[in-house]
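Written out below as structure tokens is the structure these notes cover.
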Amino acid sequence: MVFAVVDDGRALLSSRVADTLLGAKESWTRRMFEQAAQLRRDGGGPVHDLSLGNPSLEPPARWIRALHELLDDPAPGMHRYMTNAGFPEVREFIARREGERFGLPVLCGQVTMTVGAAGGLNVVMRSMLDPDDEVVVPTPYFSEYDHYCANASARLRPVPFGPGFGLDVEAIAARLGERTRLVLVNSPNNPSGAIYPAEQLDRLAETLTRANAGRERPIFVVEDSPYRDLTHDGAAVPSMMERYPHTIHITSHSKDLGLAGERIGYVVLSPRAAGTELLARAFAFCNRVLGFVNAPALMQRALPRVLGHADGRVDVEVYASRCRRMASGLAELGFDVPPPRAGFFLFPGLPARLRDEDGGDVALTERLLAERTIVVPGVAFRVPGHLRLSMAADDDAVDGALAAFRRVCA
């Protein structure tokens with residue numbers, strides 16, 4: 001048999017993946033991260049990589065001790081399969097913890113342990129979305145949401161943000177349609193670091209309650225909150241779990257425990273939501289058939305030994321201090337820098353003289369790349385005219401990047 005020559009391999013791929021990889025849809029963040037890696041391989045000096053939210057702080061000592069204790073335990077079955085939703089005793093622990101957080105009677109059966117928050121989002125979307133269903137999301141938003149929706153053959157429908165990168169509830173209301181199935185809320189927000197205020201969440205809950213009138217099935221809120229335990233200055237993070245019955249809360253410990261590579265998170269169904277029993281079964285099923293099977297066994301078992309202890313997370317003040325230092329330096333150069341309230345991202349707006357230049361944020365990204373400084377342009381988050389900077393980098397990278405900004409933008 002003679003095969004036709006495939007010049008670039010495109011014919012081997014699905015059309016969606018080919019369009020993503022060979023078009024303009026591949027993740028800007030990952031592209032810039034790979035650029036940084038290539039610069040390091042090529043040599044020529046330090047690389048100031050502010051591209052990826054890859055925690056620079058090591059996991060807390062309590063976590064390390066917990067792993068040693070578990071690995072030294074000779075009990076059989078430590079690393080075997082469990083129910084696809086996770087170990088019952090771990091889910092009981094999470095249910096109690098989240099129930100106390102939200103003032104709700106969360107049960108073990110309403111918790112699904114997942115392969116990070118990304119795994120949780122894919123599980124929920126695959127469980128709940130049919131082709132051409134719609135997911136409404138405020139901008140700016142984590143760029144992988146586009147791909148997660150595409151995995152379920154659904155459509156992501158962005159809406160503008162309000163003042164201070166808050167929610168524009170009227171814009172959300174205007175975007176709701178017959179095919180709207182989910183509203184995806186990311187607070188604290190990546191990339192802006194904003195926390196959606198309680199009064200905006202109250203109005204969103206009222207809006208969705210009105211929109212549900214006459215619908216066969218309610219619109220669900222999916223709350224993606226991996227930065228909720230990394231607030232600056234003790235800021236509170238209001239939740240839709242406390243305000244709207246049809247809410248699904250998703251989080252991970254990639255950030256607050258510095259465990260991005262270990263992929264441990266969970267989905268929590270509000271006990272007040274419609275169809276909780278069948279939804280929980282669907283989440284476990286999709287956990288399995290999407291290929292995750294279950295969250296990592298060792299990581300699950302370690303969580304109850306760490307969470308809730310004073311020394312059971314990284315020192316968020318390190319990230320907050322870097323944010324303040326970079327924000328102050330950029331403000332001197334004319335950038336508009338909304339103060340982040342959580343996490344380790346900055347999302348500064350370009351000065352007018354740079355924003356109006358041909359190429360705007362993309363052009364500035366390329367100029368900084370020439371200075372061995374790696375950032376992500378705002379177009380990656382549907383908000384051109386901004387840059388996303390990750391302060392999950394060491395102090396030398398932060399200081400080197402700020403010096404590069406001064407050279408390029410002064």
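Chain labels A, B, ... are given in the sequence in which chains occur in the structure tokens; within each chain residues are numbered consecutively from 1, and ligands are likewise numbered from 1 in the order shown.
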
Would you kindly return, as a ChimeraX atom specification, each protein, DNA or RNA residue with an atom no farther than 12 Å from any atom of Glu366 in chain A, considering only C-alpha atoms and excluding same-chain residues fewer than 5 positions away? /A:32,35,359-361,371-377,387,405,408

Filtered DSSP result for range 26-246 of chain A, state alpha helix (DSSP H), as an NGL selection string: :A and (28-42 or 61-71 or 88-102 or 116-128 or 144-151 or 169-175 or 198-211)

So that I can see what lies close to Val379 in chain A, please list as an MDAnalysis selection string the residues with an atom at most 12 Å from it, counting only C-alpha atoms and leaving out residues fewer than 2 positions away in the same chain. chainID A and resid 24:25 27:29 139:143 191 347 349 359:363 365 375:377 381:388

Give me a file of those residues, with C-alpha atoms, as a tab-separated table (two decimals), in the first residue's frame.
```tsv
chain	number	residue	atom	x	y	z
A	24	ALA	CA	-3.53	31.41	16.17
A	25	LYS	CA	-5.41	29.57	18.92
A	27	SER	CA	-2.07	29.05	24.27
A	28	TRP	CA	-0.04	32.27	24.33
A	29	THR	CA	1.02	31.40	27.85
A	139	THR	CA	-13.39	38.70	30.66
A	140	PRO	CA	-10.52	38.58	31.27
A	141	TYR	CA	-10.41	34.83	31.69
A	142	PHE	CA	-7.97	31.92	31.76
A	143	SER	CA	-7.33	31.16	28.09
A	191	PRO	CA	-5.16	37.17	35.13
A	347	PHE	CA	-2.48	42.63	34.64
A	349	GLY	CA	-2.72	48.31	31.18
A	359	GLY	CA	0.76	45.88	17.61
A	360	GLY	CA	0.12	47.22	21.13
A	361	ASP	CA	0.53	44.52	23.75
A	362	VAL	CA	1.85	41.94	21.26
A	363	ALA	CA	4.52	44.36	20.00
A	365	THR	CA	5.72	41.42	24.35
A	375	VAL	CA	5.37	38.05	29.51
A	376	VAL	CA	1.96	37.19	28.03
A	377	PRO	CA	-0.01	39.76	25.98
A	381	PHE	CA	-7.22	36.79	27.81
A	382	ARG	CA	-9.53	38.67	25.39
A	383	VAL	CA	-8.35	42.03	26.75
A	384	PRO	CA	-5.81	43.67	24.41
A	385	GLY	CA	-3.78	46.59	25.68
A	386	HIS	CA	-2.64	44.73	28.80
A	387	LEU	CA	0.10	42.31	29.80
A	388	ARG	CA	-0.07	39.44	32.26
```

Contact residues around range 292-309 of chain A with only C-alpha atoms at 10 Å, ignoring same-chain residues under 5 positions, as a PyMOL selection string: chain A and resi 60-71+77-87+89-94+97+112-116+119-120+123+253+257+259+262-266+284-287

Selected residues written out, C-alpha atoms, as a short mmCIF file (atom, residue, chain, number, x, y, z; two decimals), in the first residue's frame:
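Output (out39.cif):
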```
data_model
loop_
_atom_site.label_atom_id
_atom_site.label_comp_id
_atom_site.auth_asym_id
_atom_site.auth_seq_id
_atom_site.Cartn_x
_atom_site.Cartn_y
_atom_site.Cartn_z
CA PRO A 60 5.24 23.64 53.14
CA ALA A 61 7.26 21.42 55.43
CA ARG A 62 4.06 19.94 56.84
CA TRP A 63 3.26 18.55 53.39
CA ILE A 64 6.69 16.93 53.10
CA ARG A 65 6.26 15.31 56.52
CA ALA A 66 2.82 14.03 55.54
CA LEU A 67 4.24 12.34 52.45
CA HIS A 68 7.03 10.71 54.45
CA GLU A 69 4.53 9.43 57.01
CA LEU A 70 2.31 7.99 54.28
CA LEU A 71 5.16 6.36 52.38
CA GLY A 77 -3.75 -0.80 49.39
CA MET A 78 -2.09 2.61 49.76
CA HIS A 79 -1.68 3.09 46.03
CA ARG A 80 -4.53 1.05 44.58
CA TYR A 81 -7.68 2.09 42.76
CA MET A 82 -10.54 3.53 44.73
CA THR A 83 -14.00 4.72 43.68
CA ASN A 84 -13.66 7.16 40.79
CA ALA A 85 -14.88 10.00 42.99
CA GLY A 86 -12.01 9.46 45.44
CA PHE A 87 -11.39 7.93 48.86
CA GLU A 89 -12.67 9.36 54.07
CA VAL A 90 -10.92 12.14 52.14
CA ARG A 91 -14.19 13.29 50.60
CA GLU A 92 -15.75 13.32 54.08
CA PHE A 93 -12.93 15.59 55.24
CA ILE A 94 -13.36 17.92 52.25
CA ARG A 97 -14.17 21.69 55.48
CA THR A 112 -15.45 14.51 43.65
CA MET A 113 -11.66 14.43 43.90
CA THR A 114 -10.11 15.48 40.58
CA VAL A 115 -6.83 15.88 38.75
CA GLY A 116 -6.51 19.53 39.62
CA GLY A 119 -9.52 18.16 35.51
CA GLY A 120 -12.55 19.24 37.52
CA VAL A 123 -15.30 16.64 34.15
CA HIS A 253 -4.03 23.02 45.72
CA LEU A 257 0.43 24.33 48.53
CA LEU A 259 1.75 21.50 44.03
CA GLU A 262 0.93 16.92 41.50
CA ARG A 263 -2.55 17.72 40.13
CA ILE A 264 -4.85 17.49 43.14
CA GLY A 265 -8.19 19.28 43.33
CA TYR A 266 -11.88 18.66 43.80
CA ALA A 284 -17.43 10.15 38.82
CA PHE A 285 -18.26 8.55 35.47
CA CYS A 286 -16.61 11.32 33.46
CA ASN A 287 -13.60 11.29 35.79
#
```

Select, from A:Ala342, A:Val318, A:Leu278, A:Ala205, the residue with the minimum atom-to-atom distance to Pro188 in chain A, counting only C-alpha atoms. A:Ala342

For range 239-245 of chain A: contacts at 8 Å, only C-alpha atoms, fewer than 2 positions along chain excluded, given as JSON, numbers by chain: {"A": [102, 103, 104, 198, 201, 202, 205, 221, 223, 237, 247, 248, 249, 270, 271, 272, 273, 274]}

Taking 3 positions as the minimum chain separation for residues in the same chain, which residues sit within 12 Å of Tyr145 in chain A when counting only C-alpha atoms? Answer as a PyMOL selection string. chain A and resi 25+27+117-119+121-122+125+135-142+148-152+154-158+183-186+190+222+224+380-382

Resulting file, chosen residues, N, CA and C atoms, as a tab-separated table (two decimals), in the first residue's frame:
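Wrote it out as result_29.tsv, contents follow:
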```tsv
chain	number	residue	atom	x	y	z
A	25	LYS	N	-4.64	29.87	17.72
A	25	LYS	CA	-5.41	29.57	18.92
A	25	LYS	C	-4.63	28.86	20.01
A	27	SER	N	-2.23	28.22	23.07
A	27	SER	CA	-2.07	29.05	24.27
A	27	SER	C	-0.87	29.98	24.16
A	117	ALA	N	-7.85	21.53	39.31
A	117	ALA	CA	-9.05	22.26	38.93
A	117	ALA	C	-9.34	22.10	37.44
A	118	ALA	N	-8.29	22.00	36.63
A	118	ALA	CA	-8.49	21.80	35.19
A	118	ALA	C	-9.21	20.49	34.93
A	119	GLY	N	-8.82	19.42	35.63
A	119	GLY	CA	-9.52	18.16	35.51
A	119	GLY	C	-10.97	18.29	35.94
A	121	LEU	N	-12.87	21.02	35.90
A	121	LEU	CA	-13.64	21.77	34.90
A	121	LEU	C	-14.01	20.90	33.71
A	122	ASN	N	-13.07	20.10	33.25
A	122	ASN	CA	-13.36	19.22	32.12
A	122	ASN	C	-14.40	18.16	32.48
A	125	MET	N	-17.84	19.99	32.65
A	125	MET	CA	-18.34	20.37	31.33
A	125	MET	C	-18.75	19.15	30.51
A	135	VAL	N	-21.50	28.51	27.39
A	135	VAL	CA	-20.94	28.82	28.70
A	135	VAL	C	-20.57	30.31	28.68
A	136	VAL	N	-21.19	31.08	29.55
A	136	VAL	CA	-20.92	32.52	29.63
A	136	VAL	C	-19.79	32.75	30.62
A	137	VAL	N	-18.83	33.59	30.23
A	137	VAL	CA	-17.68	33.85	31.11
A	137	VAL	C	-17.31	35.33	31.03
A	138	PRO	N	-17.08	35.97	32.19
A	138	PRO	CA	-16.59	37.36	32.17
A	138	PRO	C	-15.14	37.40	31.72
A	139	THR	N	-14.78	38.45	30.99
A	139	THR	CA	-13.39	38.70	30.66
A	139	THR	C	-12.77	39.56	31.77
A	140	PRO	N	-11.44	39.53	31.90
A	140	PRO	CA	-10.52	38.58	31.27
A	140	PRO	C	-10.66	37.21	31.91
A	141	TYR	N	-10.26	36.18	31.16
A	141	TYR	CA	-10.41	34.83	31.69
A	141	TYR	C	-9.23	33.96	31.26
A	142	PHE	N	-9.02	32.90	32.01
A	142	PHE	CA	-7.97	31.92	31.76
A	142	PHE	C	-8.16	31.33	30.35
A	148	TYR	N	-11.32	23.92	26.99
A	148	TYR	CA	-12.15	23.04	27.81
A	148	TYR	C	-13.57	22.98	27.24
A	149	CYS	N	-14.11	24.13	26.84
A	149	CYS	CA	-15.44	24.14	26.24
A	149	CYS	C	-15.44	23.36	24.92
A	150	ALA	N	-14.40	23.55	24.13
A	150	ALA	CA	-14.33	22.84	22.86
A	150	ALA	C	-14.26	21.33	23.08
A	151	ASN	N	-13.62	20.90	24.17
A	151	ASN	CA	-13.58	19.46	24.48
A	151	ASN	C	-14.98	18.88	24.61
A	152	ALA	N	-15.93	19.71	25.05
A	152	ALA	CA	-17.32	19.27	25.21
A	152	ALA	C	-18.18	19.71	24.03
A	154	ALA	N	-18.93	22.57	23.15
A	154	ALA	CA	-19.76	23.69	23.57
A	154	ALA	C	-19.12	25.01	23.13
A	155	ARG	N	-19.83	26.10	23.35
A	155	ARG	CA	-19.36	27.41	22.92
A	155	ARG	C	-19.13	28.31	24.13
A	156	LEU	N	-17.96	28.91	24.19
A	156	LEU	CA	-17.66	29.87	25.25
A	156	LEU	C	-18.11	31.25	24.79
A	157	ARG	N	-18.88	31.94	25.62
A	157	ARG	CA	-19.43	33.25	25.28
A	157	ARG	C	-18.89	34.31	26.25
A	158	PRO	N	-17.82	35.01	25.87
A	158	PRO	CA	-17.25	36.03	26.77
A	158	PRO	C	-18.15	37.26	26.87
A	183	VAL	N	-22.64	29.48	33.76
A	183	VAL	CA	-21.91	30.74	33.89
A	183	VAL	C	-20.64	30.42	34.67
A	184	LEU	N	-19.49	30.69	34.07
A	184	LEU	CA	-18.20	30.31	34.64
A	184	LEU	C	-17.58	31.54	35.30
A	185	VAL	N	-17.38	31.46	36.60
A	185	VAL	CA	-16.90	32.58	37.40
A	185	VAL	C	-15.54	32.21	37.99
A	186	ASN	N	-14.55	33.03	37.75
A	186	ASN	CA	-13.19	32.77	38.24
A	186	ASN	C	-12.79	33.89	39.19
A	190	ASN	N	-7.79	35.04	37.42
A	190	ASN	CA	-6.59	34.93	36.60
A	190	ASN	C	-6.99	35.45	35.22
A	222	VAL	N	-20.53	27.72	37.67
A	222	VAL	CA	-19.32	26.96	37.97
A	222	VAL	C	-18.29	27.95	38.48
A	224	ASP	N	-14.64	28.66	39.67
A	224	ASP	CA	-13.27	28.16	39.56
A	224	ASP	C	-12.40	29.01	40.48
A	380	ALA	N	-4.34	37.31	24.86
A	380	ALA	CA	-4.53	35.91	25.27
A	380	ALA	C	-5.71	35.74	26.20
A	381	PHE	N	-6.12	36.84	26.84
A	381	PHE	CA	-7.22	36.79	27.81
A	381	PHE	C	-8.41	37.61	27.34
A	382	ARG	N	-8.46	37.90	26.04
A	382	ARG	CA	-9.53	38.67	25.39
A	382	ARG	C	-9.55	40.13	25.83
```

So that I can check the surroundings of Met391 in chain A, please list as a PyMOL selection string every protein, DNA and RNA residue that reaches within 12 Å of it, counting only C-alpha atoms and ignoring chain neighbours fewer than 3 positions away. chain A and resi 48-57+191+193+316-327+340+342-347+374-375+388+394-399+401-402

Residues from the last selection, N, CA and C atoms, saved as a short mmCIF file (atom, residue, chain, number, x, y, z; two decimals), in the first residue's frame:
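Here's the written file result.cif:
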```
data_model
loop_
_atom_site.label_atom_id
_atom_site.label_comp_id
_atom_site.auth_asym_id
_atom_site.auth_seq_id
_atom_site.Cartn_x
_atom_site.Cartn_y
_atom_site.Cartn_z
N HIS A 48 14.29 36.23 32.29
CA HIS A 48 13.34 36.75 33.27
C HIS A 48 11.95 36.29 32.84
N ASP A 49 11.56 35.13 33.34
CA ASP A 49 10.35 34.46 32.86
C ASP A 49 9.17 34.76 33.77
N LEU A 50 8.26 35.60 33.30
CA LEU A 50 7.04 35.93 34.04
C LEU A 50 5.81 35.40 33.30
N SER A 51 5.97 34.29 32.60
CA SER A 51 4.90 33.81 31.71
C SER A 51 3.88 32.92 32.42
N LEU A 52 4.33 31.95 33.17
CA LEU A 52 3.46 30.88 33.63
C LEU A 52 3.20 31.01 35.13
N GLY A 53 1.98 30.68 35.54
CA GLY A 53 1.66 30.65 36.97
C GLY A 53 2.19 29.38 37.61
N ASN A 54 3.50 29.23 37.58
CA ASN A 54 4.16 28.02 38.06
C ASN A 54 4.78 28.33 39.42
N PRO A 55 4.16 27.92 40.51
CA PRO A 55 4.56 28.40 41.83
C PRO A 55 6.06 28.27 42.10
N SER A 56 6.64 29.38 42.52
CA SER A 56 8.07 29.37 42.81
C SER A 56 8.36 28.98 44.25
N LEU A 57 7.35 29.01 45.11
CA LEU A 57 7.55 28.61 46.51
C LEU A 57 7.36 27.11 46.65
N PRO A 191 -6.46 36.59 34.78
CA PRO A 191 -5.16 37.17 35.13
C PRO A 191 -5.16 38.40 36.04
N GLY A 193 -6.21 39.23 39.16
CA GLY A 193 -6.05 39.24 40.60
C GLY A 193 -7.23 39.84 41.33
N VAL A 316 1.95 33.49 51.34
CA VAL A 316 1.43 34.34 50.28
C VAL A 316 2.07 35.72 50.30
N GLU A 317 2.59 36.15 51.43
CA GLU A 317 3.19 37.48 51.50
C GLU A 317 4.39 37.61 50.56
N VAL A 318 5.07 36.51 50.28
CA VAL A 318 6.18 36.56 49.33
C VAL A 318 5.67 36.98 47.95
N TYR A 319 4.57 36.37 47.52
CA TYR A 319 3.98 36.74 46.23
C TYR A 319 3.45 38.17 46.27
N ALA A 320 2.77 38.53 47.36
CA ALA A 320 2.20 39.87 47.47
C ALA A 320 3.28 40.94 47.41
N SER A 321 4.42 40.69 48.06
CA SER A 321 5.52 41.65 48.06
C SER A 321 6.09 41.84 46.66
N ARG A 322 6.23 40.75 45.92
CA ARG A 322 6.72 40.87 44.55
C ARG A 322 5.73 41.64 43.68
N CYS A 323 4.44 41.38 43.89
CA CYS A 323 3.42 42.13 43.15
C CYS A 323 3.53 43.62 43.42
N ARG A 324 3.68 43.98 44.68
CA ARG A 324 3.77 45.40 45.03
C ARG A 324 5.01 46.05 44.41
N ARG A 325 6.12 45.34 44.43
CA ARG A 325 7.36 45.89 43.90
C ARG A 325 7.26 46.13 42.39
N MET A 326 6.73 45.14 41.68
CA MET A 326 6.58 45.28 40.23
C MET A 326 5.54 46.35 39.91
N ALA A 327 4.42 46.35 40.63
CA ALA A 327 3.37 47.33 40.36
C ALA A 327 3.88 48.75 40.54
N PRO A 340 -3.60 43.86 42.61
CA PRO A 340 -4.19 42.52 42.77
C PRO A 340 -4.52 42.27 44.22
N ALA A 342 -5.25 38.98 45.27
CA ALA A 342 -5.00 37.57 45.55
C ALA A 342 -4.09 37.00 44.47
N GLY A 343 -3.47 35.87 44.78
CA GLY A 343 -2.67 35.17 43.78
C GLY A 343 -1.34 35.84 43.53
N PHE A 344 -0.83 35.63 42.32
CA PHE A 344 0.50 36.16 42.00
C PHE A 344 0.59 36.74 40.59
N PHE A 345 -0.54 37.20 40.05
CA PHE A 345 -0.54 37.80 38.72
C PHE A 345 -0.76 39.31 38.81
N LEU A 346 -0.14 40.03 37.88
CA LEU A 346 -0.45 41.43 37.62
C LEU A 346 -0.99 41.52 36.20
N PHE A 347 -1.90 42.47 35.97
CA PHE A 347 -2.48 42.63 34.64
C PHE A 347 -2.50 44.12 34.28
N ILE A 374 10.04 37.50 29.57
CA ILE A 374 8.92 36.76 28.99
C ILE A 374 7.63 37.13 29.73
N VAL A 375 6.69 37.71 28.98
CA VAL A 375 5.37 38.05 29.51
C VAL A 375 4.32 37.52 28.53
N ARG A 388 -0.01 40.21 31.01
CA ARG A 388 -0.07 39.44 32.26
C ARG A 388 1.33 39.10 32.68
N ASP A 394 11.35 33.95 40.89
CA ASP A 394 12.23 34.36 41.98
C ASP A 394 12.51 35.86 41.90
N ASP A 395 13.09 36.40 42.97
CA ASP A 395 13.29 37.84 43.04
C ASP A 395 14.21 38.36 41.95
N ASP A 396 15.21 37.58 41.56
CA ASP A 396 16.10 38.02 40.50
C ASP A 396 15.35 38.19 39.18
N ALA A 397 14.41 37.27 38.90
CA ALA A 397 13.63 37.37 37.67
C ALA A 397 12.73 38.60 37.70
N VAL A 398 12.13 38.87 38.85
CA VAL A 398 11.26 40.05 38.98
C VAL A 398 12.07 41.33 38.78
N ASP A 399 13.22 41.43 39.45
CA ASP A 399 14.04 42.63 39.34
C ASP A 399 14.62 42.77 37.93
N ALA A 401 13.27 41.64 35.16
CA ALA A 401 12.17 42.02 34.27
C ALA A 401 11.85 43.50 34.41
N LEU A 402 11.83 44.00 35.63
CA LEU A 402 11.53 45.41 35.83
C LEU A 402 12.60 46.29 35.17
#
```

Report the distance between CA of Gly45 in chain A and CA of Gly378 in chain A in Å, rounded to one decimal place. 26.8 Å

Taking the backbone alone, and naming residues the way the document does, which bits of range 204-359 of chain A are strand (DSSP E) by DSSP, as a PDB file with C-alpha atoms, in the first residue's frame?
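Produced file result_31.pdb, reproduced below:
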```
ATOM      1  CA  PHE A 220     -25.596  26.510  36.847  1.00  0.00           C
ATOM      2  CA  VAL A 221     -22.732  28.622  38.118  1.00  0.00           C
ATOM      3  CA  VAL A 222     -19.320  26.957  37.972  1.00  0.00           C
ATOM      4  CA  GLU A 223     -16.955  28.679  40.383  1.00  0.00           C
ATOM      5  CA  ASP A 224     -13.267  28.163  39.565  1.00  0.00           C
ATOM      6  CA  THR A 247     -23.522  26.293  42.131  1.00  0.00           C
ATOM      7  CA  ILE A 248     -20.558  23.988  41.580  1.00  0.00           C
ATOM      8  CA  HIS A 249     -17.336  25.000  43.320  1.00  0.00           C
ATOM      9  CA  ILE A 250     -14.016  23.821  41.874  1.00  0.00           C
ATOM     10  CA  THR A 251     -10.591  24.348  43.375  1.00  0.00           C
ATOM     11  CA  SER A 252      -7.133  22.849  43.549  1.00  0.00           C
ATOM     12  CA  GLY A 265      -8.187  19.281  43.330  1.00  0.00           C
ATOM     13  CA  TYR A 266     -11.878  18.659  43.796  1.00  0.00           C
ATOM     14  CA  VAL A 267     -15.411  19.529  42.738  1.00  0.00           C
ATOM     15  CA  VAL A 268     -17.996  20.436  45.388  1.00  0.00           C
ATOM     16  CA  LEU A 269     -21.692  20.410  44.499  1.00  0.00           C
ATOM     17  CA  PHE A 345      -0.538  37.803  38.724  1.00  0.00           C
ATOM     18  CA  LEU A 346      -0.445  41.425  37.622  1.00  0.00           C
TER      19      LEU A 346
END
```
